[in-house]
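Engineer: To start, I am sharing the structure in question, which I have written as structure tokens.
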Amino acid sequence: MFRKLLFFSLVVLVAGVVCYKPSATSDPGANPDDPAREDLTKIHYPSLDKIPWRGRFIRPQDTLESLYGNDWPTVARFNRIDRRHVYPA
């Protein structure tokens, strides 16, 4: 009887944590505020040394067209991405 009660208590506890605060158990997602202040552009390619560039965080309301206008196909091709890779984070 004690084992059943212990098992039931653990199930209720885990269900309570998951239902009450799911962010405690969910995978981390991209955050535009970046509380950790992680440098997402720390990738270094020697071929990019002479090309000025900066990293961009694609927000949910942004599209390639809104960010780069008519040049979006060139930008996407240069970065080896397509529409499937640009989605709200």
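Here's how to read the names in the structure tokens: chain A, B, ... by the order shown, residue numbers from 1 in each chain, ligand numbers from 1 in the order shown.
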Which neighbours of segment 41-53 of chain A fall inside 12 Å, counting only C-alpha atoms, when residues of the same chain fewer than 4 positions from it are skipped, and could you give them as a list of chain:residue names?

Structural biologist: A:Arg37, A:Phe57, A:Val75, A:Phe78, A:Asn79

Engineer: How about saving the chosen residues, C-alpha atoms kept, as a short mmCIF file (atom, residue, chain, number, x, y, z; two decimals), in the first residue's frame?

Structural biologist:
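New file result_31.cif:
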data_model
loop_
_atom_site.label_atom_id
_atom_site.label_comp_id
_atom_site.auth_asym_id
_atom_site.auth_seq_id
_atom_site.Cartn_x
_atom_site.Cartn_y
_atom_site.Cartn_z
CA ARG A 37 24.33 37.69 -23.07
CA PHE A 57 17.98 37.78 -34.59
CA VAL A 75 21.09 37.28 -48.75
CA PHE A 78 24.80 33.78 -49.41
CA ASN A 79 23.84 32.48 -45.98
#

Engineer: Counting only C-alpha atoms, what is within 12 Å of Leu67 of chain A, bar same-chain residues fewer than 4 positions away, as number ranges by chain?

Structural biologist: A: 56-59, 61-63, 71-73, 75-76, 86

Engineer: Mind giving me the straight-line distance from atom CA of Cys19 of chain A to atom CA of Arg3 of chain A in Å, one decimal?

Structural biologist: 24.0 Å

Engineer: Measure the distance from atom CA of Glu65 of chain A to atom CA of Arg77 of chain A in Å and round it to one decimal.

Structural biologist: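 Distance reported for this atom pair: 13.5 Å.
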